[in-house]
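Below is work_0.cif, holding mmCIF, C-alpha atoms.
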```
data_structure
#
loop_
_atom_site.label_atom_id
_atom_site.label_comp_id
_atom_site.auth_asym_id
_atom_site.auth_seq_id
_atom_site.Cartn_x
_atom_site.Cartn_y
_atom_site.Cartn_z
CA MET A 9 -3.66 8.73 -36.61
CA THR A 10 -1.07 6.76 -34.64
CA GLU A 11 -2.14 4.41 -31.90
CA THR A 12 -0.37 4.28 -28.56
CA ASN A 13 0.25 1.23 -26.42
CA GLU A 14 0.43 3.33 -23.27
CA PRO A 15 -0.86 1.26 -20.32
CA PRO A 16 -3.80 2.72 -18.37
CA MET A 17 -1.76 2.92 -15.16
CA ARG A 18 1.85 3.67 -14.38
CA VAL A 19 3.65 3.30 -11.06
CA GLY A 20 6.72 5.00 -9.65
CA ILE A 21 8.50 3.80 -6.50
CA ILE A 22 9.92 6.33 -4.02
CA PRO A 23 11.86 4.73 -1.12
CA VAL A 24 11.30 6.90 1.98
CA THR A 25 12.46 7.01 5.62
CA PRO A 26 15.49 5.15 7.02
CA LEU A 27 13.32 2.00 6.82
CA GLU A 28 13.36 2.26 2.98
CA GLN A 29 9.58 2.05 2.70
CA ASN A 30 8.23 1.90 -0.86
CA CYS A 31 6.03 4.97 -1.19
CA SER A 32 4.34 4.60 -4.57
CA LEU A 33 3.12 7.17 -7.06
CA ILE A 34 0.39 5.73 -9.27
CA TRP A 35 -1.27 7.64 -12.08
CA CYS A 36 -3.87 7.37 -14.81
CA THR A 37 -2.03 7.86 -18.10
CA LYS A 38 -5.18 9.13 -19.84
CA THR A 39 -5.88 11.98 -17.39
CA MET A 40 -2.43 12.37 -15.75
CA LYS A 41 -4.17 12.39 -12.38
CA GLY A 42 -2.47 10.42 -9.67
CA ALA A 43 -2.36 9.29 -6.07
CA LEU A 44 0.39 8.57 -3.59
CA ILE A 45 0.23 5.38 -1.55
CA ASP A 46 1.93 5.32 1.87
CA VAL A 47 3.60 8.71 2.28
CA GLY A 48 5.82 7.82 5.20
CA GLY A 49 8.25 10.74 5.02
CA ASP A 50 11.03 12.37 2.96
CA LEU A 51 8.60 14.80 1.38
CA GLU A 52 11.31 16.52 -0.66
CA LYS A 53 11.87 13.23 -2.53
CA VAL A 54 8.13 12.80 -2.99
CA ARG A 55 7.72 16.34 -4.34
CA ALA A 56 10.59 15.78 -6.79
CA ALA A 57 9.00 12.57 -8.10
CA ILE A 58 5.65 14.29 -8.66
CA ALA A 59 7.34 17.16 -10.51
CA LYS A 60 9.37 14.77 -12.68
CA VAL A 61 6.31 12.82 -13.79
CA GLY A 62 4.10 15.91 -14.10
CA VAL A 63 0.96 14.44 -12.56
CA THR A 64 -1.78 16.15 -10.55
CA ILE A 65 -2.23 14.44 -7.19
CA GLU A 66 -5.90 13.80 -6.38
CA LYS A 67 -5.60 11.95 -3.08
CA LEU A 68 -3.33 10.09 -0.68
CA LEU A 69 -3.96 6.41 0.00
CA VAL A 70 -2.81 4.42 3.04
CA THR A 71 -2.35 0.64 3.34
CA HIS A 72 -1.91 0.61 7.14
CA GLY A 73 -1.17 2.77 10.14
CA HIS A 74 2.54 2.15 10.78
CA MET A 75 4.69 5.27 10.95
CA ASP A 76 7.02 4.42 8.04
CA HIS A 77 3.94 4.10 5.82
CA CYS A 78 1.88 7.11 6.84
CA GLY A 79 3.84 9.35 9.23
CA ALA A 80 3.89 12.27 6.75
CA THR A 81 0.50 11.59 5.14
CA GLY A 82 -1.42 14.14 7.21
CA ILE A 83 1.29 16.76 6.68
CA PHE A 84 1.36 16.28 2.91
CA ALA A 85 -2.43 16.06 2.52
CA ARG A 86 -2.73 19.46 4.20
CA GLU A 87 0.01 20.89 1.97
CA LEU A 88 -1.65 19.63 -1.22
CA GLY A 89 -5.24 20.15 -0.09
CA VAL A 90 -6.24 16.60 -1.01
CA PRO A 91 -8.20 13.89 0.85
CA ILE A 92 -6.82 10.78 2.55
CA GLU A 93 -8.42 7.37 1.93
CA GLY A 94 -7.55 4.30 4.00
CA PRO A 95 -6.71 2.23 5.85
CA GLU A 96 -9.52 0.17 7.44
CA GLU A 97 -10.64 1.72 10.73
CA ALA A 98 -9.21 -1.08 12.90
CA ASP A 99 -5.83 0.67 12.39
CA ARG A 100 -7.02 3.88 14.06
CA PHE A 101 -5.01 3.04 17.19
CA TRP A 102 -1.80 2.97 15.13
CA ILE A 103 -2.56 6.34 13.51
CA ASP A 104 -3.35 7.82 16.93
CA ARG A 105 0.19 7.01 18.09
CA LEU A 106 2.03 8.39 15.03
CA GLU A 107 3.56 11.37 16.83
CA SER A 108 5.06 9.24 19.60
CA SER A 109 6.30 6.73 17.01
CA GLY A 110 7.89 9.56 15.04
CA LYS A 111 9.71 10.84 18.11
CA GLN A 112 10.96 7.33 18.79
CA TYR A 113 12.56 7.21 15.32
CA GLY A 114 13.46 10.90 15.13
CA LEU A 115 11.15 11.52 12.18
CA PRO A 116 8.34 14.04 11.63
CA ALA A 117 4.99 12.28 11.98
CA GLU A 118 1.50 13.63 12.52
CA VAL A 119 -1.81 12.11 13.61
CA PHE A 120 -4.54 12.45 10.97
CA GLU A 121 -8.16 11.48 10.41
CA PRO A 122 -8.75 9.89 7.00
CA ASP A 123 -11.49 11.47 4.92
CA ARG A 124 -12.61 7.92 4.15
CA TRP A 125 -11.93 4.75 6.11
CA LEU A 126 -11.91 1.83 3.67
CA LYS A 127 -13.64 -1.54 3.89
CA ASP A 128 -13.19 -4.83 2.07
CA GLY A 129 -14.83 -4.58 -1.35
CA ASP A 130 -14.64 -0.79 -1.60
CA LYS A 131 -13.45 0.91 -4.80
CA VAL A 132 -10.95 3.76 -5.00
CA THR A 133 -10.68 5.95 -8.09
CA VAL A 134 -7.57 7.69 -9.45
CA GLY A 135 -8.36 9.61 -12.62
CA GLU A 136 -10.24 7.00 -14.67
CA LEU A 137 -8.58 4.08 -12.84
CA VAL A 138 -10.63 1.98 -10.42
CA LEU A 139 -8.76 0.09 -7.69
CA ASP A 140 -10.26 -2.71 -5.63
CA VAL A 141 -9.79 -2.50 -1.85
CA ILE A 142 -8.98 -5.83 -0.18
CA HIS A 143 -8.88 -5.97 3.62
CA CYS A 144 -5.90 -8.17 4.56
CA PRO A 145 -5.45 -8.19 8.35
CA GLY A 146 -2.63 -9.94 10.19
CA HIS A 147 0.31 -7.56 10.05
CA THR A 148 -2.08 -4.93 11.40
CA PRO A 149 -5.82 -5.40 11.93
CA GLY A 150 -6.83 -2.68 9.46
CA HIS A 151 -4.35 -3.35 6.63
CA VAL A 152 -5.71 -2.99 3.09
CA VAL A 153 -4.33 -3.89 -0.33
CA PHE A 154 -5.00 -1.86 -3.50
CA TYR A 155 -5.52 -3.95 -6.65
CA HIS A 156 -5.85 -2.75 -10.27
CA GLU A 157 -7.41 -5.71 -12.05
CA PRO A 158 -6.87 -4.51 -15.66
CA SER A 159 -3.12 -4.20 -14.99
CA LYS A 160 -2.93 -7.33 -12.81
CA PHE A 161 -1.02 -5.24 -10.27
CA ALA A 162 -1.38 -4.92 -6.50
CA VAL A 163 0.14 -2.62 -3.89
CA VAL A 164 0.26 -4.89 -0.84
CA GLY A 165 2.02 -2.86 1.85
CA ASP A 166 3.51 -5.13 4.52
CA VAL A 167 1.27 -8.16 3.94
CA LEU A 168 3.64 -9.96 1.57
CA PHE A 169 7.23 -9.47 0.40
CA ALA A 170 9.49 -11.11 -2.15
CA GLY A 171 10.55 -14.16 -0.15
CA SER A 172 8.87 -13.20 3.12
CA ILE A 173 5.70 -12.00 4.84
CA GLY A 174 4.84 -9.17 7.22
CA ARG A 175 5.76 -9.24 10.89
CA THR A 176 3.01 -10.25 13.29
CA ASP A 177 4.71 -9.49 16.63
CA PHE A 178 3.25 -5.98 16.84
CA PRO A 179 0.16 -5.20 18.95
CA MET A 180 -2.90 -6.88 17.41
CA GLY A 181 -0.79 -8.74 14.85
CA ASN A 182 -1.92 -12.29 14.10
CA HIS A 183 0.21 -14.80 12.19
CA GLN A 184 -2.56 -17.19 11.14
CA GLN A 185 -4.76 -14.26 10.11
CA LEU A 186 -1.94 -13.00 7.88
CA ILE A 187 -1.45 -16.42 6.26
CA ASP A 188 -5.21 -16.59 5.65
CA SER A 189 -5.22 -13.08 4.13
CA ILE A 190 -2.48 -14.05 1.68
CA THR A 191 -3.81 -17.46 0.68
CA ARG A 192 -7.53 -16.71 0.67
CA LYS A 193 -7.58 -13.11 -0.61
CA LEU A 194 -4.43 -12.60 -2.69
CA TRP A 195 -3.71 -15.98 -4.29
CA PRO A 196 -7.17 -16.20 -5.92
CA LEU A 197 -6.37 -13.03 -7.89
CA GLY A 198 -4.02 -15.12 -10.05
CA ASN A 199 -0.39 -16.22 -10.29
CA GLU A 200 0.33 -13.61 -12.95
CA VAL A 201 -0.44 -10.69 -10.63
CA ALA A 202 2.64 -8.54 -9.97
CA PHE A 203 2.86 -6.82 -6.61
CA LEU A 204 4.71 -3.98 -4.97
CA PRO A 205 5.48 -4.67 -1.30
CA GLY A 206 6.08 -2.09 1.39
CA HIS A 207 9.80 -2.83 1.37
CA GLY A 208 12.12 -4.45 -1.15
CA PRO A 209 11.65 -5.57 -4.76
CA THR A 210 8.51 -6.43 -6.68
CA SER A 211 7.48 -10.03 -7.35
CA THR A 212 4.47 -12.02 -8.55
CA PHE A 213 1.99 -14.11 -6.60
CA GLY A 214 2.95 -17.12 -8.70
CA ARG A 215 6.64 -16.78 -7.84
CA GLU A 216 5.84 -16.52 -4.13
CA ARG A 217 3.57 -19.56 -4.30
CA GLN A 218 6.55 -21.50 -5.65
CA THR A 219 9.43 -20.09 -3.60
CA ASN A 220 8.29 -18.14 -0.51
CA GLY A 221 9.54 -19.84 2.67
CA PHE A 222 6.40 -18.80 4.60
CA VAL A 223 3.46 -19.22 2.21
CA SER A 224 4.56 -21.45 -0.68
CA ASP A 225 2.02 -24.04 -1.82
CA TYR A 226 4.46 -26.83 -0.88
CA LEU A 227 4.98 -25.51 2.62
CA LEU A 228 1.26 -25.06 3.29
CA SER A 229 0.10 -28.30 1.68
#
```
Here is the file; what I need is its structure written in the form of structure tokens.
Amino acid sequence: MTETNEPPMRVGIIPVTPLEQNCSLIWCTKTMKGALIDVGGDLEKVRAAIAKVGVTIEKLLVTHGHMDHCGATGIFARELGVPIEGPEEADRFWIDRLESSGKQYGLPAEVFEPDRWLKDGDKVTVGELVLDVIHCPGHTPGHVVFYHEPSKFAVVGDVLFAGSIGRTDFPMGNHQQLIDSITRKLWPLGNEVAFLPGHGPTSTFGRERQTNGFVSDYLLS
């Protein structure tokens, strides 16, 4: 019998909307059951990615309520007949304005009610995977991060980017709260943790602690 070194979780990145938001397809390699995180739009691209990988989508996850991250989530959840989990309920006001935001950008967007609002410390399952939910306010008040500890991998939405951090000039954004979320909730997970941001390339917490012009250890010391 041959052994396989297949990791427990795999991740595919699907850039969607004119804002090039990183919609992610994560799946349990043992069960081939998966979830989509932040279905902002471009559903034809999302459908093609699911078909290429051959996974069964169990649920849709949402990091926060901004239109480029969840404008098409309600539409796609209804199409697939799957539940929506996330974000934290403080982002309800963003989700309630999705249709007007969509019109502003000329994109289809629909208001939805998550089947489960998430809280700090909650667990989310995908197949046999268990993801930790970390509430990281600042960019938006209800922003959450999804962390798979065995893989040392986090989907961080617009909290942190390679070389930058999320904007805090939106309604109910808070710069110091965002810095605290990053340094007090993400850094303790470990320098080796790789992360997928809501836009742009992946990085590691350790690299950002050394080089990020907003939250490096040197800058904040």
Each residue of stretch 89-148 of chain A with at least one atom at most 10 Å from stretch 157-171 of chain A should appear once, together with its nearest atom pair and the corresponding distance in Å (one decimal); atoms considered: all atoms listed in the file; ordering: chain, then increasing residue number; output as CSV.
```
residue,atom,partner,partner_atom,distance
A:Leu137,CA,A:Pro158,CA,9.2
A:Val138,CA,A:Glu157,CA,8.5
A:Leu139,CA,A:Glu157,CA,7.4
A:Asp140,CA,A:Glu157,CA,7.6
A:Val141,CA,A:Ala162,CA,9.9
A:Ile142,CA,A:Val164,CA,9.3
A:Cys144,CA,A:Val167,CA,7.2
A:Pro145,CA,A:Val167,CA,8.0
A:Gly146,CA,A:Val167,CA,7.6
A:His147,CA,A:Val167,CA,6.2
A:Thr148,CA,A:Val167,CA,8.8
```
Filtering to C-alpha atoms, could you give me those residues as a compact mmCIF listing (two decimals), in the frame of the given file?
```
# COMPACT_ATOMS: atom_id res chain seq x y z
CA LEU A 137 -8.58 4.08 -12.84
CA VAL A 138 -10.63 1.98 -10.42
CA LEU A 139 -8.76 0.09 -7.69
CA ASP A 140 -10.26 -2.71 -5.63
CA VAL A 141 -9.79 -2.50 -1.85
CA ILE A 142 -8.98 -5.83 -0.18
CA CYS A 144 -5.90 -8.17 4.56
CA PRO A 145 -5.45 -8.19 8.35
CA GLY A 146 -2.63 -9.94 10.19
CA HIS A 147 0.31 -7.56 10.05
CA THR A 148 -2.08 -4.93 11.40
```
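Note that atom CA of A:Pro16 and atom CA of A:Val201 are 15.8 Å apart.
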TODO: Could you please determine the separation between atom CA of A:Ile103 and atom CA of A:Lys127 in Å, to one decimal place?
DONE: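 Here the two named atoms are 16.7 Å from each other.
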Please write the residues picked by the PyMOL selection byres ((chain A and resi 121) around 9) on this file as a short mmCIF file (atom, residue, chain, number, x, y, z; two decimals) with C-alpha atoms, keeping the file's coordinate frame.
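Output contents, as saved in selection15.cif:
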```cif
data_model
loop_
_atom_site.label_atom_id
_atom_site.label_comp_id
_atom_site.auth_asym_id
_atom_site.auth_seq_id
_atom_site.Cartn_x
_atom_site.Cartn_y
_atom_site.Cartn_z
CA GLY A 82 -1.42 14.14 7.21
CA ILE A 92 -6.82 10.78 2.55
CA ARG A 100 -7.02 3.88 14.06
CA ILE A 103 -2.56 6.34 13.51
CA ASP A 104 -3.35 7.82 16.93
CA VAL A 119 -1.81 12.11 13.61
CA PHE A 120 -4.54 12.45 10.97
CA PRO A 122 -8.75 9.89 7.00
CA ASP A 123 -11.49 11.47 4.92
CA ARG A 124 -12.61 7.92 4.15
CA TRP A 125 -11.93 4.75 6.11
#
```
TODO: Give me the result of the PyMOL selection byres ((chain A and resi 40) around 8) on this file, residue by residue, as a list in words.
DONE: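 Given this file, the PyMOL selection byres ((chain A and resi 40) around 8) evaluates to Trp35, Cys36, Thr37, Lys38, Thr39, Lys41, Gly42, Gly62, Val63, Thr64 and Gly135 of chain A.
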Task: the PyMOL selection byres ((chain A and resi 95) around 7) resolved against shown file, as a list in words - done: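 Selected by the PyMOL selection byres ((chain A and resi 95) around 7) here: Val70, Thr71, His72, Glu93, Gly94, Glu96, Glu97, Asp99, Trp125, Leu126, Gly150, His151 and Val152 of chain A.
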TODO: One decimal, Å: what's the distance from atom CA of A:Pro196 over to atom CA of A:Asp225, could you say?
DONE: 12.8 Å
Residue completion, stretch 49-60 of chain A, all heavy atoms, as a short mmCIF file (atom, residue, chain, number, x, y, z; two decimals), in the coordinates of the input:
```
data_model
loop_
_atom_site.label_atom_id
_atom_site.label_comp_id
_atom_site.auth_asym_id
_atom_site.auth_seq_id
_atom_site.Cartn_x
_atom_site.Cartn_y
_atom_site.Cartn_z
N GLY A 49 7.32 9.66 4.68
CA GLY A 49 8.25 10.74 5.02
C GLY A 49 9.03 11.19 3.81
O GLY A 49 8.63 10.90 2.67
N ASP A 50 10.16 11.88 4.03
CA ASP A 50 11.03 12.37 2.96
C ASP A 50 10.24 13.11 1.88
O ASP A 50 10.31 12.80 0.68
CB ASP A 50 11.81 11.21 2.31
CG ASP A 50 12.83 10.59 3.24
OD1 ASP A 50 13.27 11.28 4.19
OD2 ASP A 50 13.21 9.43 3.04
N LEU A 51 9.50 14.12 2.31
CA LEU A 51 8.60 14.80 1.38
C LEU A 51 9.32 15.49 0.23
O LEU A 51 8.75 15.64 -0.85
CB LEU A 51 7.72 15.80 2.15
CG LEU A 51 6.69 15.18 3.09
CD1 LEU A 51 5.85 16.26 3.76
CD2 LEU A 51 5.80 14.19 2.36
N GLU A 52 10.58 15.89 0.45
CA GLU A 52 11.31 16.52 -0.66
C GLU A 52 11.50 15.52 -1.81
O GLU A 52 11.40 15.89 -2.99
CB GLU A 52 12.66 17.07 -0.18
CG GLU A 52 13.68 16.06 0.30
CD GLU A 52 13.37 15.45 1.66
OE1 GLU A 52 12.51 15.97 2.39
OE2 GLU A 52 13.99 14.42 1.98
N LYS A 53 11.75 14.25 -1.49
CA LYS A 53 11.87 13.23 -2.53
C LYS A 53 10.54 12.99 -3.21
O LYS A 53 10.47 12.79 -4.43
CB LYS A 53 12.38 11.91 -1.92
CG LYS A 53 13.81 11.93 -1.47
CD LYS A 53 14.20 10.64 -0.78
CE LYS A 53 14.19 9.46 -1.72
NZ LYS A 53 14.68 8.21 -1.04
N VAL A 54 9.46 13.02 -2.44
CA VAL A 54 8.13 12.80 -2.99
C VAL A 54 7.75 13.95 -3.92
O VAL A 54 7.24 13.73 -5.03
CB VAL A 54 7.09 12.64 -1.86
CG1 VAL A 54 5.69 12.48 -2.44
CG2 VAL A 54 7.45 11.45 -0.97
N ARG A 55 8.02 15.17 -3.49
CA ARG A 55 7.72 16.34 -4.34
C ARG A 55 8.50 16.27 -5.65
O ARG A 55 7.96 16.58 -6.72
CB ARG A 55 8.08 17.63 -3.60
CG ARG A 55 7.21 17.95 -2.40
CD ARG A 55 7.55 19.32 -1.84
NE ARG A 55 7.01 19.49 -0.50
CZ ARG A 55 7.72 19.38 0.63
NH1 ARG A 55 9.01 19.09 0.57
NH2 ARG A 55 7.14 19.53 1.80
N ALA A 56 9.76 15.87 -5.59
CA ALA A 56 10.59 15.78 -6.79
C ALA A 56 10.05 14.74 -7.76
O ALA A 56 10.04 14.95 -8.98
CB ALA A 56 12.04 15.45 -6.40
N ALA A 57 9.56 13.62 -7.24
CA ALA A 57 9.00 12.57 -8.10
C ALA A 57 7.74 13.05 -8.80
O ALA A 57 7.53 12.79 -9.99
CB ALA A 57 8.71 11.32 -7.27
N ILE A 58 6.88 13.77 -8.06
CA ILE A 58 5.65 14.29 -8.66
C ILE A 58 5.99 15.28 -9.78
O ILE A 58 5.41 15.22 -10.87
CB ILE A 58 4.79 15.00 -7.59
CG1 ILE A 58 4.32 14.00 -6.53
CG2 ILE A 58 3.59 15.69 -8.23
CD1 ILE A 58 3.70 14.65 -5.31
N ALA A 59 6.96 16.16 -9.51
CA ALA A 59 7.34 17.16 -10.51
C ALA A 59 7.95 16.51 -11.75
O ALA A 59 7.68 16.94 -12.88
CB ALA A 59 8.34 18.14 -9.89
N LYS A 60 8.73 15.46 -11.55
CA LYS A 60 9.37 14.77 -12.68
C LYS A 60 8.35 14.13 -13.59
O LYS A 60 8.46 14.18 -14.81
CB LYS A 60 10.35 13.72 -12.14
CG LYS A 60 11.13 13.00 -13.23
CD LYS A 60 12.13 12.03 -12.63
CE LYS A 60 12.92 11.32 -13.72
NZ LYS A 60 13.91 10.36 -13.15
#
```
